[in-house]
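Reproduced below: query20.txt, with compact mmCIF, C-alpha atoms.
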```txt
# COMPACT_ATOMS: atom_id res chain seq x y z
CA MET A 27 84.73 94.95 120.79
CA GLY A 28 88.19 96.35 120.09
CA PRO A 29 89.95 96.69 116.76
CA HIS A 30 91.39 93.77 114.82
CA PRO A 31 94.63 92.55 116.52
CA ASP A 32 96.81 93.65 113.60
CA VAL A 33 95.14 97.08 113.46
CA ALA A 34 95.81 97.40 117.19
CA ALA A 35 99.45 96.29 116.73
CA VAL A 36 100.11 98.94 114.08
CA ARG A 37 98.42 101.64 116.17
CA SER A 38 100.46 100.63 119.21
CA CYS A 39 103.69 101.08 117.26
CA VAL A 40 102.57 104.52 116.13
CA ARG A 41 101.71 105.55 119.72
CA ALA A 42 105.14 104.45 120.91
CA ALA A 43 106.90 106.38 118.12
CA ALA A 44 104.79 109.51 118.68
CA ASP A 45 105.76 109.85 122.35
CA ARG A 46 108.72 112.04 121.38
CA PHE A 47 106.54 114.79 119.89
CA SER A 48 104.72 117.76 121.40
CA PRO A 49 101.07 118.74 120.91
CA GLY A 50 100.62 120.61 117.65
CA ASP A 51 103.54 118.90 115.88
CA LEU A 52 102.83 117.70 112.34
CA LEU A 53 103.63 114.10 111.40
CA LEU A 54 103.89 113.48 107.66
CA VAL A 55 103.27 109.90 106.48
CA ALA A 56 105.11 108.84 103.31
CA CYS A 57 102.73 106.56 101.43
CA SER A 58 103.10 104.68 98.15
CA GLY A 59 99.65 103.13 98.46
CA GLY A 60 101.07 99.72 99.34
CA ALA A 61 99.80 97.80 102.35
CA ASP A 62 102.67 98.79 104.65
CA SER A 63 102.45 102.55 104.21
CA LEU A 64 98.66 102.56 103.89
CA ALA A 65 98.27 100.71 107.20
CA LEU A 66 100.70 103.19 108.75
CA ALA A 67 98.76 106.15 107.36
CA ALA A 68 95.49 104.81 108.79
CA ALA A 69 97.09 104.29 112.19
CA VAL A 70 98.57 107.80 112.25
CA ALA A 71 95.24 109.29 111.18
CA PHE A 72 93.60 107.46 114.12
CA GLU A 73 96.22 108.09 116.82
CA ALA A 74 97.50 111.61 116.05
CA PRO A 75 94.34 113.51 117.09
CA ARG A 76 94.19 111.53 120.32
CA LEU A 77 97.74 112.64 121.09
CA GLY A 78 97.18 116.29 120.15
CA LEU A 79 99.26 115.92 117.00
CA LEU A 80 98.58 116.92 113.40
CA ALA A 81 98.79 114.30 110.67
CA GLY A 82 99.49 114.78 106.97
CA GLY A 83 100.61 112.64 104.09
CA VAL A 84 102.90 112.72 101.08
CA THR A 85 103.17 110.45 98.06
CA VAL A 86 106.00 110.54 95.54
CA ASP A 87 105.56 109.80 91.85
CA HIS A 88 108.87 108.51 90.49
CA GLY A 89 107.60 108.56 86.91
CA LEU A 90 109.18 105.15 86.22
CA GLN A 91 106.01 103.22 85.35
CA ASP A 92 103.11 103.76 83.01
CA GLY A 93 100.21 105.20 84.96
CA SER A 94 102.37 106.33 87.88
CA ALA A 95 100.78 109.77 87.92
CA GLY A 96 97.31 108.24 88.18
CA GLN A 97 98.45 105.97 91.00
CA ALA A 98 99.90 108.92 92.90
CA ALA A 99 96.60 110.77 92.48
CA THR A 100 94.73 107.74 93.83
CA VAL A 101 96.97 107.62 96.89
CA GLN A 102 96.42 111.32 97.46
CA VAL A 103 92.67 110.73 97.52
CA GLN A 104 93.09 107.74 99.87
CA LEU A 105 95.16 109.75 102.33
CA ALA A 106 92.70 112.64 102.30
CA GLY A 107 89.89 110.13 102.86
CA LEU A 108 91.64 108.94 106.01
CA GLY A 109 91.50 112.50 107.33
CA LEU A 110 95.14 113.45 106.73
CA GLU A 111 95.77 117.14 106.06
CA PRO A 112 97.79 118.38 104.24
CA VAL A 113 98.34 115.71 101.58
CA LEU A 114 101.11 116.42 99.09
CA ARG A 115 101.78 114.75 95.75
CA CYS A 116 105.40 115.16 94.61
CA GLN A 117 107.16 114.40 91.35
CA ALA A 118 110.64 112.95 91.70
CA SER A 119 113.37 113.27 89.10
CA VAL A 120 115.18 109.92 88.93
CA PRO A 121 118.51 109.75 87.00
CA GLY A 122 118.22 107.14 84.27
CA ARG A 123 121.90 106.61 83.51
CA PRO A 124 125.30 107.39 85.05
CA ALA A 125 125.71 110.64 83.09
CA GLU A 126 122.64 112.02 84.87
CA ALA A 127 123.83 111.13 88.37
CA GLY A 128 125.09 114.61 89.13
CA GLY A 129 128.81 113.81 89.07
CA HIS A 130 128.51 110.93 91.54
CA GLU A 131 128.88 107.21 90.95
CA TYR A 132 125.61 105.73 89.70
CA GLN A 133 124.40 103.06 92.10
CA GLY A 134 121.66 101.55 89.92
CA PRO A 135 117.95 102.21 89.45
CA GLU A 136 116.85 101.18 92.94
CA ALA A 137 119.37 103.44 94.68
CA ALA A 138 118.66 106.29 92.26
CA ALA A 139 114.92 106.08 92.90
CA ARG A 140 115.48 105.92 96.65
CA ALA A 141 117.72 109.00 96.62
CA ALA A 142 115.20 110.93 94.53
CA ARG A 143 112.35 109.87 96.83
CA TYR A 144 114.13 110.98 100.00
CA ALA A 145 114.99 114.29 98.39
CA GLU A 146 111.30 114.91 97.71
CA LEU A 147 110.28 113.78 101.19
CA GLY A 148 112.77 116.17 102.72
CA ARG A 149 111.42 119.05 100.64
CA ALA A 150 107.85 118.13 101.58
CA ALA A 151 108.74 118.20 105.27
CA GLU A 152 110.41 121.58 104.84
CA ARG A 153 107.40 123.04 103.03
CA THR A 154 104.92 121.83 105.64
CA GLY A 155 107.07 122.33 108.72
CA ALA A 156 106.63 118.67 109.65
CA ALA A 157 108.37 117.45 112.79
CA ALA A 158 108.95 114.02 111.23
CA VAL A 159 108.32 111.88 108.16
CA LEU A 160 107.02 108.40 109.00
CA LEU A 161 108.01 105.50 106.75
CA GLY A 162 106.23 102.17 106.43
CA HIS A 163 109.24 99.83 106.49
CA THR A 164 108.44 96.55 108.22
CA LEU A 165 110.30 93.68 109.85
CA ASP A 166 110.36 91.93 106.46
CA ASP A 167 111.96 94.98 104.83
CA GLN A 168 114.58 94.95 107.56
CA ALA A 169 115.35 91.28 106.92
CA GLU A 170 115.72 91.95 103.20
CA THR A 171 118.03 94.88 103.89
CA VAL A 172 120.29 92.71 106.07
CA LEU A 173 120.50 89.98 103.42
CA LEU A 174 121.33 92.48 100.69
CA ALA A 175 124.07 94.01 102.85
CA LEU A 176 125.44 90.55 103.65
CA ALA A 177 125.55 89.60 99.97
CA ARG A 178 127.42 92.80 99.14
CA GLY A 179 130.06 92.16 101.77
CA SER A 180 129.10 95.19 103.82
CA GLY A 181 130.29 96.01 107.31
CA ALA A 182 128.48 96.10 110.63
CA ARG A 183 126.82 99.46 109.98
CA SER A 184 125.10 98.19 106.83
CA LEU A 185 124.25 94.85 108.44
CA ALA A 186 122.59 96.84 111.22
CA GLY A 187 119.86 97.61 108.72
CA MET A 188 117.50 100.54 108.89
CA PRO A 189 117.30 102.56 112.12
CA ALA A 190 113.96 103.18 113.80
CA VAL A 191 114.90 106.87 113.99
CA SER A 192 117.21 108.64 111.55
CA GLY A 193 117.04 112.40 111.86
CA LEU A 194 113.76 113.50 110.33
CA TYR A 195 112.68 109.96 109.46
CA LEU A 196 110.86 107.47 111.70
CA ARG A 197 110.14 103.81 111.00
CA PRO A 198 107.53 102.77 113.57
CA LEU A 199 106.72 99.40 111.97
CA LEU A 200 110.08 97.62 112.10
CA GLY A 201 108.56 95.18 114.59
CA ILE A 202 105.49 94.53 112.41
CA THR A 203 105.42 91.95 109.60
CA ARG A 204 104.20 92.58 106.08
CA ALA A 205 101.44 90.03 106.65
CA GLN A 206 100.20 92.08 109.60
CA THR A 207 99.98 95.29 107.54
CA ARG A 208 97.98 93.44 104.89
CA GLN A 209 95.59 92.12 107.52
CA ALA A 210 95.33 95.60 109.04
CA CYS A 211 94.34 97.04 105.66
CA ALA A 212 91.81 94.28 105.04
CA ALA A 213 90.24 94.74 108.48
CA GLN A 214 89.73 98.47 107.77
CA GLY A 215 88.44 98.05 104.23
CA LEU A 216 91.50 99.68 102.70
CA GLN A 217 92.55 98.73 99.17
CA PRO A 218 96.35 98.68 98.94
CA TRP A 219 98.22 98.97 95.66
CA GLN A 220 100.29 96.03 94.43
CA ASP A 221 103.42 97.62 92.96
CA PRO A 222 104.53 95.42 90.03
CA GLN A 223 108.16 96.35 90.66
CA ASN A 224 107.97 94.52 93.99
CA SER A 225 107.77 91.24 92.09
CA ASP A 226 110.01 92.18 89.14
CA PRO A 227 113.11 89.92 89.20
CA ALA A 228 115.12 92.69 87.56
CA PHE A 229 115.33 94.27 91.03
CA SER A 230 117.60 92.68 93.62
CA ARG A 231 115.22 93.31 96.52
CA ALA A 232 112.41 91.54 94.65
CA ARG A 233 114.66 88.50 94.15
CA VAL A 234 115.52 88.48 97.85
CA ARG A 235 111.83 88.79 98.75
CA HIS A 236 110.42 86.14 96.43
CA ASP A 237 113.33 83.71 96.00
CA LEU A 238 115.95 83.95 98.72
CA LEU A 239 113.86 84.45 101.85
CA PRO A 240 111.40 81.65 100.98
CA ALA A 241 114.36 79.34 100.30
CA LEU A 242 115.89 80.21 103.67
CA ALA A 243 112.55 79.68 105.39
CA ALA A 244 112.20 76.27 103.72
CA ALA A 245 115.69 75.25 104.81
CA LEU A 246 115.86 76.83 108.28
CA GLY A 247 112.29 77.46 109.38
CA PRO A 248 109.82 80.34 109.29
CA GLY A 249 111.62 82.49 111.87
CA VAL A 250 114.35 83.69 109.50
CA PRO A 251 113.02 87.26 108.95
CA ALA A 252 112.60 87.83 112.68
CA ALA A 253 116.09 86.45 113.36
CA LEU A 254 117.63 88.72 110.72
CA ALA A 255 115.80 91.74 112.14
CA ARG A 256 117.05 90.81 115.61
CA THR A 257 120.60 90.54 114.27
CA ALA A 258 120.26 94.04 112.82
CA ARG A 259 119.07 95.40 116.16
CA LEU A 260 122.03 93.85 118.02
CA LEU A 261 124.56 94.99 115.44
CA ARG A 262 123.14 98.51 115.53
CA ALA A 263 123.97 98.81 119.23
CA ASP A 264 127.54 97.65 118.53
CA ALA A 265 127.91 99.93 115.49
CA ASP A 266 126.59 102.93 117.43
CA LEU A 267 129.20 102.40 120.14
CA LEU A 268 132.03 101.98 117.62
CA ASP A 269 130.92 105.14 115.80
CA GLU A 270 130.97 107.04 119.08
CA LEU A 271 134.48 105.77 119.87
CA ALA A 272 135.63 106.61 116.35
CA ALA A 273 134.30 110.16 116.67
CA GLY A 274 136.29 110.55 119.87
CA ALA A 275 139.40 109.17 118.18
CA ALA A 276 138.99 111.57 115.25
CA ALA A 277 138.64 114.50 117.62
CA GLY A 278 141.88 113.43 119.29
CA LEU A 279 143.69 113.43 115.92
CA ALA A 280 142.68 117.00 115.07
CA ASP A 281 145.71 119.26 115.43
CA GLY A 282 144.78 122.24 113.26
CA ALA A 283 146.86 121.13 110.27
CA PRO A 284 145.33 119.94 106.96
CA GLY A 285 144.34 116.29 106.78
CA LEU A 286 145.08 113.62 109.38
CA PRO A 287 148.40 112.45 110.86
CA ALA A 288 149.20 109.08 109.25
CA GLU A 289 151.23 107.67 112.14
CA ALA A 290 148.52 108.37 114.69
CA LEU A 291 145.88 106.94 112.33
CA ALA A 292 147.87 103.74 111.91
CA ALA A 293 147.97 103.28 115.67
CA LEU A 294 144.17 103.11 115.92
CA PRO A 295 142.43 99.73 116.08
CA ASP A 296 141.21 98.59 112.65
CA ALA A 297 137.52 98.96 113.56
CA LEU A 298 138.02 102.58 114.59
CA ARG A 299 140.47 103.55 111.86
CA GLY A 300 138.10 102.47 109.08
CA ARG A 301 135.32 104.56 110.57
CA VAL A 302 137.59 107.59 110.97
CA LEU A 303 138.70 107.29 107.35
CA ARG A 304 135.14 106.97 106.08
CA ALA A 305 133.98 109.96 108.12
CA ALA A 306 136.95 112.04 106.92
CA ALA A 307 136.20 111.22 103.28
CA ILE A 308 132.55 112.17 103.70
CA GLU A 309 133.50 115.41 105.43
CA ALA A 310 135.81 116.14 102.49
CA GLY A 311 132.86 115.86 100.11
CA CYS A 312 132.30 112.20 99.21
CA GLN A 313 128.67 111.09 98.94
CA PRO A 314 128.05 108.45 101.67
CA GLY A 315 126.06 106.24 99.28
CA SER A 316 128.92 106.21 96.75
CA LEU A 317 131.75 105.60 99.20
CA THR A 318 132.38 101.85 99.28
CA GLU A 319 134.51 99.53 101.37
CA ARG A 320 137.00 99.41 98.48
CA HIS A 321 137.53 103.16 98.72
CA VAL A 322 138.08 102.98 102.48
CA THR A 323 140.49 100.05 102.04
CA GLU A 324 142.55 102.07 99.54
CA LEU A 325 142.69 104.97 101.99
CA ASP A 326 143.70 102.59 104.75
CA ALA A 327 146.58 101.29 102.62
CA LEU A 328 147.94 104.84 102.43
CA VAL A 329 148.14 104.76 106.21
CA THR A 330 149.07 101.18 107.11
CA ASN A 331 150.77 99.87 103.95
CA TRP A 332 152.54 102.95 102.66
CA HIS A 333 155.18 102.27 100.00
CA GLY A 334 155.07 105.49 98.03
CA GLN A 335 151.81 104.88 96.15
CA ARG A 336 150.35 108.06 94.71
CA TRP A 337 146.69 108.27 95.75
CA ALA A 338 143.24 106.71 96.07
CA ASP A 339 140.55 108.07 93.76
CA LEU A 340 137.28 108.67 95.57
CA PRO A 341 133.69 109.40 94.48
CA GLY A 342 132.70 112.95 93.67
CA GLY A 343 135.97 113.90 91.97
CA LEU A 344 138.02 113.68 95.17
CA ARG A 345 141.33 112.03 95.88
CA GLY A 346 142.99 110.82 99.05
CA LEU A 347 146.78 110.90 99.13
CA ARG A 348 149.64 110.83 101.60
CA ARG A 349 152.15 113.64 101.74
CA TYR A 350 154.38 115.01 104.47
CA GLY A 351 153.28 112.27 106.87
CA ARG A 352 149.61 113.21 106.57
CA LEU A 353 146.56 111.84 104.79
CA LEU A 354 145.13 114.65 102.66
CA PHE A 355 141.93 115.02 100.63
CA THR A 356 142.02 117.09 97.44
CA GLU A 357 140.17 117.49 94.19
CA GLN A 358 141.47 115.11 91.53
CA LEU A 359 144.50 116.67 89.90
CA GLY A 360 146.31 116.13 86.63
CA GLN A 361 148.93 113.40 86.30
CA GLY A 362 152.02 114.19 88.32
CA ARG A 363 150.66 117.31 90.04
CA ARG A 364 150.81 117.57 93.79
CA PRO A 365 148.68 119.45 96.30
CA PRO A 366 150.21 122.45 98.04
CA SER A 367 152.47 121.76 100.98
CA PRO A 368 151.02 122.07 104.46
CA PRO A 369 152.42 124.93 106.51
CA GLY A 370 155.89 124.13 107.76
CA ALA A 371 156.45 121.09 105.51
CA ARG A 372 160.07 120.29 104.68
CA SER A 373 161.09 119.99 101.02
CA GLU A 374 162.78 116.62 101.64
CA ASP A 375 159.38 115.19 102.64
CA GLN A 376 157.92 115.59 99.15
CA GLY A 377 157.00 112.35 97.42
CA GLY A 378 158.76 110.01 99.84
CA PRO A 379 157.39 107.50 102.33
CA ALA A 380 156.47 108.92 105.71
```
Step by step, read the file and then write its structure as structure tokens.
Amino acid sequence: MGPHPDVAAVRSCVRAAADRFSPGDLLLVACSGGADSLALAAAVAFEAPRLGLLAGGVTVDHGLQDGSAGQAATVQVQLAGLGLEPVLRCQASVPGRPAEAGGHEYQGPEAAARAARYAELGRAAERTGAAAVLLGHTLDDQAETVLLALARGSGARSLAGMPAVSGLYLRPLLGITRAQTRQACAAQGLQPWQDPQNSDPAFSRARVRHDLLPALAAALGPGVPAALARTARLLRADADLLDELAAGAAAGLADGAPGLPAEALAALPDALRGRVLRAAAIEAGCQPGSLTERHVTELDALVTNWHGQRWADLPGGLRGLRRYGRLLFTEQLGQGRRPPSPPGARSEDQGGPA
């Protein structure tokens, strides 16, 4: 008799994700001890040897709850018991207030913990030489991500949710429900951890999970999470194409001079211009997680609604401003100071509309 259907479903997702790797590659499973990541770890431990791959694990202690160190130690033992090797236990440093955010805009405790966790996962992969870090995000997580982005008024890229592949990180279980991972753990005798923060209404994702999604299911039917995940998948294809077109447009604007030509920017379609502006701000030094739609809108106004306004303040101590017919990015300067003139700029251009 074969494995439980949900065990088989999780293993099948892992096999499909592992096709991209070569024998001898190390896959590192990020595991909190919850049902999603524990089911993923068990599936990787089962499938990797059959595919000629190595399988390890990593757990991150955020230090935000009493007993978190003990829980991380328990997860380390669980992962080793599944046959994963190596198994790393990392300690994250999570900023507790805006002053500790390293000069960037503080995005709240959830975002701060996420950034600290990914930093540790990246370091763990570097230390072990892992080819990828596998994350246990499920279809339900994807649905929650889409709803949170929708509530925040985000654009298509945010509504596209989490990608199945993002550089070093893989999410094999985006087609698997949370209920399936719980059943997979139960069928294998695994004891997942119930993180109390997952039901704490102080966190927006917990409110979406326990209040909003059940209300939507009651009003619209039980297929809401799957429909939201499908929406994310469709929007991702659209967003990927627009990003590709925007990259081509940005390359066409490059002329060797500082900044970007405002007139040529203004001629771009709105959907491309916003992406070009966002990419230019990030290249100038803005943190992607701190750069909001408001910042991009203020930059856009310098291009499409120019009436002599001075600048747009951006995250990370940067500033976008229009001078000499170009959109420039500089460090924030004192009141009334101007950046140096681009080569060949005429004195009559200074300070006036372009």
Applying 9 Å and all atoms listed in the file, which residues near region 225-238 of chain A remain after dropping the ones on its own chain fewer than 4 positions away? List them as a ChimeraX atom specification. /A:135-136,166-167,170-171,173-174,221,242-243
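One finds CA of Val84 (chain A) at 8.3 Å from CA of Pro112 (chain A).
Compared by their closest atoms to Ala272 (chain A), and using only C-alpha atoms, the residues A:Pro284, A:Pro248, A:Pro198, A:Gly300 rank with A:Gly300 nearest.
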Using all atoms listed in the file, the best pick from A:Glu319, A:Glu73, A:Asp264, A:Asp62 as closest to Val40 (chain A) would be A:Glu73
Within 8 Å of region 149-154 of chain A, counting all atoms listed in the file, which residues qualify if same-chain residues fewer than 4 places away don't, as number ranges by chain? A: 54, 84, 114, 116, 145, 158-159
Atomic separation - CA of Tyr350 (chain A) relative to CA of His321 (chain A), Å: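 The value is 21.4 Å.
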Mind pulling up the distance from CA of Arg178 (chain A) to CA of Gly346 (chain A)?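 Computing it gives 23.8 Å between the two atoms.
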Would you list the residues near (138.7, 115.1, 111.7), meaning any protein, DNA or RNA residue with an atom at most 12 Å from that point in file coordinates, counting only C-alpha atoms, as a PyMOL selection string? chain A and resi 272-287+291+299+301-310+353-355
Using the atoms already present, construct N, CA and C atoms for region 83-119 of chain A and hand them back as a PDB file, in the frame of the given file.
```
ATOM      1  N   GLY A  83     100.078 113.714 104.912  1.00  0.00           N
ATOM      2  CA  GLY A  83     100.610 112.640 104.090  1.00  0.00           C
ATOM      3  C   GLY A  83     101.338 113.190 102.877  1.00  0.00           C
ATOM      4  N   VAL A  84     102.195 112.364 102.300  1.00  0.00           N
ATOM      5  CA  VAL A  84     102.900 112.720 101.080  1.00  0.00           C
ATOM      6  C   VAL A  84     103.118 111.457 100.262  1.00  0.00           C
ATOM      7  N   THR A  85     102.880 111.556  98.969  1.00  0.00           N
ATOM      8  CA  THR A  85     103.170 110.450  98.060  1.00  0.00           C
ATOM      9  C   THR A  85     104.067 110.972  96.958  1.00  0.00           C
ATOM     10  N   VAL A  86     104.996 110.137  96.525  1.00  0.00           N
ATOM     11  CA  VAL A  86     106.000 110.540  95.540  1.00  0.00           C
ATOM     12  C   VAL A  86     105.802 109.735  94.265  1.00  0.00           C
ATOM     13  N   ASP A  87     105.646 110.429  93.167  1.00  0.00           N
ATOM     14  CA  ASP A  87     105.560 109.800  91.850  1.00  0.00           C
ATOM     15  C   ASP A  87     106.961 109.812  91.241  1.00  0.00           C
ATOM     16  N   HIS A  88     107.532 108.604  91.055  1.00  0.00           N
ATOM     17  CA  HIS A  88     108.870 108.510  90.490  1.00  0.00           C
ATOM     18  C   HIS A  88     108.872 108.601  88.968  1.00  0.00           C
ATOM     19  N   GLY A  89     107.692 108.469  88.357  1.00  0.00           N
ATOM     20  CA  GLY A  89     107.600 108.560  86.910  1.00  0.00           C
ATOM     21  C   GLY A  89     108.282 107.422  86.177  1.00  0.00           C
ATOM     22  N   LEU A  90     108.447 106.267  86.822  1.00  0.00           N
ATOM     23  CA  LEU A  90     109.180 105.150  86.220  1.00  0.00           C
ATOM     24  C   LEU A  90     108.259 104.090  85.623  1.00  0.00           C
ATOM     25  N   GLN A  91     106.945 104.203  85.856  1.00  0.00           N
ATOM     26  CA  GLN A  91     106.010 103.220  85.350  1.00  0.00           C
ATOM     27  C   GLN A  91     104.863 103.923  84.635  1.00  0.00           C
ATOM     28  N   ASP A  92     104.307 103.240  83.655  1.00  0.00           N
ATOM     29  CA  ASP A  92     103.110 103.760  83.010  1.00  0.00           C
ATOM     30  C   ASP A  92     101.995 103.886  84.043  1.00  0.00           C
ATOM     31  N   GLY A  93     101.321 104.998  84.028  1.00  0.00           N
ATOM     32  CA  GLY A  93     100.210 105.200  84.960  1.00  0.00           C
ATOM     33  C   GLY A  93     100.629 105.623  86.351  1.00  0.00           C
ATOM     34  N   SER A  94     101.918 105.973  86.536  1.00  0.00           N
ATOM     35  CA  SER A  94     102.370 106.330  87.880  1.00  0.00           C
ATOM     36  C   SER A  94     101.702 107.597  88.393  1.00  0.00           C
ATOM     37  N   ALA A  95     101.431 108.536  87.498  1.00  0.00           N
ATOM     38  CA  ALA A  95     100.780 109.770  87.920  1.00  0.00           C
ATOM     39  C   ALA A  95      99.365 109.495  88.427  1.00  0.00           C
ATOM     40  N   GLY A  96      98.655 108.601  87.740  1.00  0.00           N
ATOM     41  CA  GLY A  96      97.310 108.240  88.180  1.00  0.00           C
ATOM     42  C   GLY A  96      97.330 107.532  89.520  1.00  0.00           C
ATOM     43  N   GLN A  97      98.331 106.661  89.721  1.00  0.00           N
ATOM     44  CA  GLN A  97      98.450 105.970  91.000  1.00  0.00           C
ATOM     45  C   GLN A  97      98.738 106.948  92.127  1.00  0.00           C
ATOM     46  N   ALA A  98      99.601 107.914  91.880  1.00  0.00           N
ATOM     47  CA  ALA A  98      99.900 108.920  92.900  1.00  0.00           C
ATOM     48  C   ALA A  98      98.654 109.729  93.241  1.00  0.00           C
ATOM     49  N   ALA A  99      97.840 110.036  92.223  1.00  0.00           N
ATOM     50  CA  ALA A  99      96.600 110.770  92.480  1.00  0.00           C
ATOM     51  C   ALA A  99      95.633 109.938  93.315  1.00  0.00           C
ATOM     52  N   THR A 100      95.593 108.631  93.047  1.00  0.00           N
ATOM     53  CA  THR A 100      94.730 107.740  93.830  1.00  0.00           C
ATOM     54  C   THR A 100      95.156 107.717  95.291  1.00  0.00           C
ATOM     55  N   VAL A 101      96.467 107.630  95.517  1.00  0.00           N
ATOM     56  CA  VAL A 101      96.970 107.620  96.890  1.00  0.00           C
ATOM     57  C   VAL A 101      96.635 108.931  97.589  1.00  0.00           C
ATOM     58  N   GLN A 102      96.748 110.027  96.871  1.00  0.00           N
ATOM     59  CA  GLN A 102      96.420 111.320  97.460  1.00  0.00           C
ATOM     60  C   GLN A 102      94.975 111.351  97.932  1.00  0.00           C
ATOM     61  N   VAL A 103      94.071 110.790  97.134  1.00  0.00           N
ATOM     62  CA  VAL A 103      92.670 110.730  97.520  1.00  0.00           C
ATOM     63  C   VAL A 103      92.484 109.814  98.722  1.00  0.00           C
ATOM     64  N   GLN A 104      93.187 108.661  98.732  1.00  0.00           N
ATOM     65  CA  GLN A 104      93.090 107.740  99.870  1.00  0.00           C
ATOM     66  C   GLN A 104      93.527 108.410 101.161  1.00  0.00           C
ATOM     67  N   LEU A 105      94.639 109.115 101.116  1.00  0.00           N
ATOM     68  CA  LEU A 105      95.160 109.750 102.330  1.00  0.00           C
ATOM     69  C   LEU A 105      94.214 110.832 102.825  1.00  0.00           C
ATOM     70  N   ALA A 106      93.672 111.614 101.894  1.00  0.00           N
ATOM     71  CA  ALA A 106      92.700 112.640 102.300  1.00  0.00           C
ATOM     72  C   ALA A 106      91.460 111.993 102.893  1.00  0.00           C
ATOM     73  N   GLY A 107      91.060 110.841 102.339  1.00  0.00           N
ATOM     74  CA  GLY A 107      89.890 110.130 102.860  1.00  0.00           C
ATOM     75  C   GLY A 107      90.093 109.597 104.261  1.00  0.00           C
ATOM     76  N   LEU A 108      91.350 109.375 104.642  1.00  0.00           N
ATOM     77  CA  LEU A 108      91.640 108.940 106.010  1.00  0.00           C
ATOM     78  C   LEU A 108      91.604 110.106 106.997  1.00  0.00           C
ATOM     79  N   GLY A 109      91.538 111.317 106.474  1.00  0.00           N
ATOM     80  CA  GLY A 109      91.500 112.500 107.330  1.00  0.00           C
ATOM     81  C   GLY A 109      92.839 113.194 107.463  1.00  0.00           C
ATOM     82  N   LEU A 110      93.832 112.799 106.662  1.00  0.00           N
ATOM     83  CA  LEU A 110      95.140 113.450 106.730  1.00  0.00           C
ATOM     84  C   LEU A 110      95.075 114.806 106.029  1.00  0.00           C
ATOM     85  N   GLU A 111      95.755 115.777 106.612  1.00  0.00           N
ATOM     86  CA  GLU A 111      95.770 117.140 106.060  1.00  0.00           C
ATOM     87  C   GLU A 111      97.012 117.863 106.599  1.00  0.00           C
ATOM     88  N   PRO A 112      97.898 118.357 105.708  1.00  0.00           N
ATOM     89  CA  PRO A 112      97.790 118.380 104.240  1.00  0.00           C
ATOM     90  C   PRO A 112      98.209 117.042 103.634  1.00  0.00           C
ATOM     91  N   VAL A 113      97.878 116.856 102.354  1.00  0.00           N
ATOM     92  CA  VAL A 113      98.340 115.710 101.580  1.00  0.00           C
ATOM     93  C   VAL A 113      99.035 116.247 100.340  1.00  0.00           C
ATOM     94  N   LEU A 114     100.300 115.915 100.194  1.00  0.00           N
ATOM     95  CA  LEU A 114     101.110 116.420  99.090  1.00  0.00           C
ATOM     96  C   LEU A 114     101.371 115.299  98.080  1.00  0.00           C
ATOM     97  N   ARG A 115     101.381 115.672  96.818  1.00  0.00           N
ATOM     98  CA  ARG A 115     101.780 114.750  95.750  1.00  0.00           C
ATOM     99  C   ARG A 115     103.000 115.361  95.070  1.00  0.00           C
ATOM    100  N   CYS A 116     104.128 114.640  95.110  1.00  0.00           N
ATOM    101  CA  CYS A 116     105.400 115.160  94.610  1.00  0.00           C
ATOM    102  C   CYS A 116     105.866 114.367  93.399  1.00  0.00           C
ATOM    103  N   GLN A 117     106.584 115.029  92.539  1.00  0.00           N
ATOM    104  CA  GLN A 117     107.160 114.400  91.350  1.00  0.00           C
ATOM    105  C   GLN A 117     108.667 114.340  91.506  1.00  0.00           C
ATOM    106  N   ALA A 118     109.204 113.118  91.558  1.00  0.00           N
ATOM    107  CA  ALA A 118     110.640 112.950  91.700  1.00  0.00           C
ATOM    108  C   ALA A 118     111.311 112.920  90.336  1.00  0.00           C
ATOM    109  N   SER A 119     112.557 113.348  90.307  1.00  0.00           N
ATOM    110  CA  SER A 119     113.370 113.270  89.100  1.00  0.00           C
ATOM    111  C   SER A 119     114.448 112.220  89.335  1.00  0.00           C
TER     112      SER A 119
END
```
